[in-house]
Amino acid sequence: MLREDQILFTYLHLAPDPEQTKALMQSGATCIAYETVTALNGVLPLLAPMSEVAGRMSIQAAASHLEKTNGGMGILMAGVPGVSPAKIVILGAGVVGRNALQMAVGMGADICIFDRDIERLRQIDMFYGNRVRTFYSDSLLIEQEICEADVVIGAVLLPGAAAPKLVSHDMIKKMKPGSVVVDVAIDQGGCFETSKPTTHADPTYVVDGVIHYCVANMPGAVARTSTFALTNATYPFVEALANRGVMKALSIDHHLRNGLSVHKGVLTSEPVGKAQGLNFASAEELLVE
Ligand SMILES: NC(=O)c1ccc[n+]([C@@H]2O[C@H](COP(=O)([O-])OP(=O)(O)OC[C@H]3O[C@@H](n4cnc5c(N)ncnc54)[C@H](O)[C@@H]3O)[C@@H](O)[C@H]2O)c1
């Protein structure tokens with residue numbers, strides 16, 4: 001259906017999806033990925049609202065699946081006086097991770113969070129003090145923490161690329177039966193080796209006794225909140241595309257240009273090219289008319 005003179009401006013998540021990449025290249029359309037449009041300080045402004053929603057939802061989903069009737073080990077995330085709360089490990093301290101953290105702190109859980117960005121860990125440490133343990137991401141430490149965990153939230157991202165597999169199948173086997181993993185990063189292929197995408201109609205499956213929640217479009221369940229949040233962020237770019245036309249809008253705004261993934265049959269995303277072993281060109285050279 002897509003044609004050469006059309007603009008596709010939406011979430012694409014092409015790195016783990018060779019079929020869609022090929023189809024978009026064959027269409028000849030100009031395809032701009034929301035998730036790689038940038039803003040000052042390396043922020044991803046069109047990913048952020050959905051990441052805020054998904055990060056907050058991840059703790060709701062985990063709490064619900066810890067309940068016995070939903071297959072979990074039958075523990076209350078917050079605990080009660082005299083009984084410990086759930087232990088939560090959050091992998092990634094970006095937007096998803098920090099929003100999950102905020103909810104988990106609110107629920108009274110026992111939390112640790114991993115990242116490779118020391119500055120992010122420093123900010124969390126300053127804000128939450130010893131309420132939250134922060135760790136530099138390292139596979140031995142991750143293994144140690146997830147063996148004790150009731151919940152693990154996967155929230156890592158290498159922009160535009162497939163998510164790094166931080167948790168192997170062997171590590172999943174060492175987790176407690178009835179524990180829950182929520183792989184929010186599933187839209188980039190997931191950061192657990194055992195993850196595969198699920199839908200809201202059937203959100204979970206079990207591997208070696210561990211419940212896996214891997215819904216690729218978590219914000220869809222709270223569509224009203226998500227639509228308002230996303231439209232607030234996309235509107236200025238849509239306005240620029242409509243008022244200036246796609247070539248001019250991309251030429252003058254390098255943040256929008258960073259979202260360009262496919263243009264007239266040519267792949268312009270380096271991480272997608274590397275993930276799929278495809279040739280790619282820089283957006284700048286293609287936009288010279
Ligand atoms: N499933 C859904 O419905 C849904 C919704 C929104 C976002 N997402 C996905 O969630 C993921 C996270 O998004 P985000 O907005 O939080 O991204 P972000 O860029 O804000 O944060 C990602 C974090 O991962 C960290 N990271 C990278 N490699 C790491 C490693 N090896 N160990 C530990 N940390 C590492 C980065 O330093 C960064 O802090 C993305 O894949 C995004 O597409 C999914």
# chains A, B, ... in the order shown; residues from 1 in each chain; ligands from 1
>>> select_by_dssp(residues="region 66-210 of chain A", states="helix (DSSP H, G or I)", output="ChimeraX atom specification")
/A:68-70,95-107,118-131,139-148,169-173,184-188
>>> residues_around(residues="Val53 (chain A)", least_positions_apart="4", cutoff="8 Å", atoms="only C-alpha atoms", output="MDAnalysis selection string")
chainID A and resid 49 57 96 218:219 226
>>> write_last_selection(atoms="N, CA and C atoms", output="mmCIF file, in the first residue's frame")
data_model
loop_
_atom_site.group_PDB
_atom_site.id
_atom_site.type_symbol
_atom_site.label_atom_id
_atom_site.label_comp_id
_atom_site.auth_asym_id
_atom_site.auth_seq_id
_atom_site.Cartn_x
_atom_site.Cartn_y
_atom_site.Cartn_z
ATOM 1 N N PRO A 49 7.348 9.600 25.984
ATOM 2 C CA PRO A 49 6.006 9.472 26.583
ATOM 3 C C PRO A 49 5.557 8.017 26.700
ATOM 4 N N MET A 57 3.504 1.158 33.872
ATOM 5 C CA MET A 57 2.667 -0.049 33.775
ATOM 6 C C MET A 57 3.413 -1.318 34.159
ATOM 7 N N VAL A 96 12.113 4.282 30.883
ATOM 8 C CA VAL A 96 11.308 3.149 31.374
ATOM 9 C C VAL A 96 11.760 2.773 32.787
ATOM 10 N N MET A 218 2.719 -2.122 25.244
ATOM 11 C CA MET A 218 2.090 -1.973 26.562
ATOM 12 C C MET A 218 1.172 -0.748 26.631
ATOM 13 N N PRO A 219 1.571 0.414 26.077
ATOM 14 C CA PRO A 219 0.720 1.607 26.224
ATOM 15 C C PRO A 219 -0.662 1.446 25.582
ATOM 16 N N SER A 226 -2.181 7.289 26.716
ATOM 17 C CA SER A 226 -1.066 7.196 25.778
ATOM 18 C C SER A 226 -1.247 8.141 24.593
#
>>> residues_around(residues="Met107 (chain A)", least_positions_apart="6", cutoff="9 Å", atoms="only C-alpha atoms", output="PyMOL selection string")
chain A and resi 59+77-78+85
>>> residues_around(residues="Ser51 (chain A)", least_positions_apart="6", cutoff="9 Å", atoms="only C-alpha atoms", output="ChimeraX atom specification")
/A:94-97,99,184,219
>>> closest_residue(among="A:Lys165, A:Lys274, A:Arg120, A:Lys68", to="Ala93 (chain A)", atoms="only C-alpha atoms")
A:Arg120
>>> residues_near_ligand(ligand="ligand 1", cutoff="8 Å", atoms="only C-alpha atoms and all ligand atoms", output="number ranges by chain")
A: 13, 35, 43-44, 47-55, 91-98, 114-117, 120, 136-138, 154-159, 163-164, 166, 183-190, 214-220
>>> write_last_selection(atoms="N, CA and C atoms", output="short mmCIF file (atom, residue, chain, number, x, y, z; two decimals), in the first residue's frame")
data_model
loop_
_atom_site.label_atom_id
_atom_site.label_comp_id
_atom_site.auth_asym_id
_atom_site.auth_seq_id
_atom_site.Cartn_x
_atom_site.Cartn_y
_atom_site.Cartn_z
N HIS A 13 10.88 0.50 14.89
CA HIS A 13 11.62 -0.59 15.56
C HIS A 13 12.11 -1.62 14.55
N GLU A 35 11.14 6.54 17.26
CA GLU A 35 12.02 6.17 18.38
C GLU A 35 13.45 6.64 18.23
N VAL A 43 18.24 13.18 24.40
CA VAL A 43 16.91 12.68 24.80
C VAL A 43 16.17 12.19 23.55
N LEU A 44 15.32 11.16 23.71
CA LEU A 44 14.51 10.66 22.60
C LEU A 44 13.06 11.10 22.87
N LEU A 47 10.01 8.81 22.06
CA LEU A 47 9.98 7.53 22.76
C LEU A 47 9.58 7.76 24.22
N ALA A 48 9.98 8.93 24.72
CA ALA A 48 9.82 9.18 26.16
C ALA A 48 8.37 9.02 26.67
N PRO A 49 7.35 9.60 25.98
CA PRO A 49 6.01 9.47 26.58
C PRO A 49 5.56 8.02 26.70
N MET A 50 5.85 7.20 25.67
CA MET A 50 5.43 5.79 25.72
C MET A 50 6.27 5.02 26.74
N SER A 51 7.52 5.45 26.88
CA SER A 51 8.39 4.80 27.87
C SER A 51 7.91 5.13 29.29
N GLU A 52 7.42 6.36 29.46
CA GLU A 52 6.88 6.72 30.78
C GLU A 52 5.68 5.84 31.10
N VAL A 53 4.79 5.68 30.09
CA VAL A 53 3.60 4.84 30.30
C VAL A 53 4.02 3.40 30.58
N ALA A 54 4.89 2.85 29.71
CA ALA A 54 5.26 1.43 29.85
C ALA A 54 6.03 1.18 31.15
N GLY A 55 6.90 2.12 31.52
CA GLY A 55 7.66 1.96 32.76
C GLY A 55 6.72 1.91 33.96
N LEU A 91 16.56 -3.54 35.06
CA LEU A 91 17.73 -3.50 34.16
C LEU A 91 17.56 -2.31 33.23
N GLY A 92 18.35 -1.26 33.44
CA GLY A 92 18.24 -0.04 32.63
C GLY A 92 17.64 1.07 33.45
N ALA A 93 18.36 2.20 33.51
CA ALA A 93 17.89 3.34 34.32
C ALA A 93 17.54 4.52 33.41
N GLY A 94 16.99 4.20 32.22
CA GLY A 94 16.52 5.25 31.32
C GLY A 94 15.11 5.65 31.70
N VAL A 95 14.34 6.07 30.70
CA VAL A 95 12.99 6.57 31.01
C VAL A 95 12.10 5.44 31.55
N VAL A 96 12.11 4.28 30.88
CA VAL A 96 11.31 3.15 31.37
C VAL A 96 11.76 2.77 32.79
N GLY A 97 13.06 2.59 32.94
CA GLY A 97 13.60 2.14 34.22
C GLY A 97 13.30 3.10 35.36
N ARG A 98 13.44 4.40 35.09
CA ARG A 98 13.21 5.38 36.17
C ARG A 98 11.73 5.48 36.53
N PHE A 114 20.14 -1.44 37.58
CA PHE A 114 21.42 -1.57 36.86
C PHE A 114 21.47 -0.62 35.68
N ASP A 115 22.62 -0.06 35.40
CA ASP A 115 22.83 0.67 34.13
C ASP A 115 24.31 0.73 33.87
N ARG A 116 24.65 1.18 32.64
CA ARG A 116 26.06 1.39 32.31
C ARG A 116 26.39 2.87 32.34
N ASP A 117 25.39 3.70 32.56
CA ASP A 117 25.58 5.14 32.59
C ASP A 117 25.70 5.58 34.06
N ARG A 120 23.57 8.46 35.38
CA ARG A 120 22.19 8.13 35.73
C ARG A 120 22.10 7.46 37.09
N TYR A 136 26.49 -0.86 38.57
CA TYR A 136 27.00 -0.81 37.21
C TYR A 136 26.70 -2.17 36.58
N SER A 137 26.15 -2.16 35.36
CA SER A 137 25.69 -3.39 34.73
C SER A 137 26.83 -4.36 34.42
N ASP A 138 26.72 -5.53 35.01
CA ASP A 138 27.77 -6.54 34.88
C ASP A 138 27.06 -7.89 35.01
N GLY A 154 12.90 -5.58 32.39
CA GLY A 154 13.90 -5.36 31.33
C GLY A 154 13.64 -4.03 30.66
N ALA A 155 14.58 -3.08 30.79
CA ALA A 155 14.33 -1.72 30.30
C ALA A 155 15.59 -1.11 29.67
N VAL A 156 16.38 -1.96 28.99
CA VAL A 156 17.61 -1.42 28.39
C VAL A 156 17.36 -1.02 26.93
N LEU A 157 18.19 -0.13 26.45
CA LEU A 157 18.08 0.28 25.05
C LEU A 157 19.44 0.71 24.53
N LEU A 158 19.78 0.23 23.34
CA LEU A 158 20.89 0.78 22.56
C LEU A 158 20.17 1.43 21.38
N PRO A 159 20.09 2.77 21.32
CA PRO A 159 19.19 3.43 20.37
C PRO A 159 19.27 2.87 18.95
N ALA A 163 18.14 -4.96 21.39
CA ALA A 163 18.46 -4.88 22.82
C ALA A 163 19.53 -5.91 23.16
N PRO A 164 20.49 -5.56 24.05
CA PRO A 164 21.47 -6.57 24.47
C PRO A 164 20.81 -7.63 25.34
N LEU A 166 20.79 -9.41 28.28
CA LEU A 166 21.49 -9.35 29.56
C LEU A 166 21.20 -10.57 30.44
N ASP A 183 9.51 -7.87 30.19
CA ASP A 183 10.53 -7.41 29.23
C ASP A 183 9.95 -6.25 28.40
N VAL A 184 10.11 -5.05 28.96
CA VAL A 184 9.58 -3.87 28.25
C VAL A 184 10.36 -3.66 26.95
N ALA A 185 11.62 -4.06 26.94
CA ALA A 185 12.47 -3.87 25.76
C ALA A 185 12.17 -4.85 24.63
N ILE A 186 11.06 -5.58 24.75
CA ILE A 186 10.73 -6.60 23.75
C ILE A 186 10.55 -5.99 22.35
N ASP A 187 10.15 -4.70 22.29
CA ASP A 187 9.98 -4.10 20.96
C ASP A 187 11.31 -3.94 20.23
N GLN A 188 12.41 -4.09 20.95
CA GLN A 188 13.74 -4.06 20.30
C GLN A 188 14.37 -5.46 20.39
N GLY A 189 13.53 -6.48 20.51
CA GLY A 189 14.01 -7.86 20.52
C GLY A 189 14.10 -8.46 21.91
N GLY A 190 14.03 -7.59 22.95
CA GLY A 190 14.02 -8.09 24.33
C GLY A 190 15.41 -8.27 24.92
N CYS A 214 5.65 -10.06 28.06
CA CYS A 214 6.46 -9.45 26.98
C CYS A 214 5.56 -8.75 25.96
N VAL A 215 4.66 -7.90 26.45
CA VAL A 215 3.74 -7.22 25.53
C VAL A 215 4.50 -6.11 24.79
N ALA A 216 4.46 -6.20 23.46
CA ALA A 216 5.27 -5.28 22.66
C ALA A 216 4.65 -3.88 22.60
N ASN A 217 3.36 -3.78 22.87
CA ASN A 217 2.71 -2.46 22.86
C ASN A 217 1.97 -2.25 24.17
N MET A 218 2.72 -2.12 25.24
CA MET A 218 2.09 -1.97 26.56
C MET A 218 1.17 -0.75 26.63
N PRO A 219 1.57 0.41 26.08
CA PRO A 219 0.72 1.61 26.22
C PRO A 219 -0.66 1.45 25.58
N GLY A 220 -0.82 0.47 24.66
CA GLY A 220 -2.12 0.26 24.02
C GLY A 220 -3.22 -0.07 25.02
#
>>> residues_around(residues="Met25 (chain A)", least_positions_apart="6", cutoff="12 Å", atoms="only C-alpha atoms", output="NGL selection string")
:A and (2-4 or 8 or 14 or 18-19 or 31 or 261-269 or 278-280)
>>> closest_residue(among="A:Ala63, A:Val272, A:Leu230, A:Ala149", to="Met103 (chain A)", atoms="only C-alpha atoms")
A:Ala63
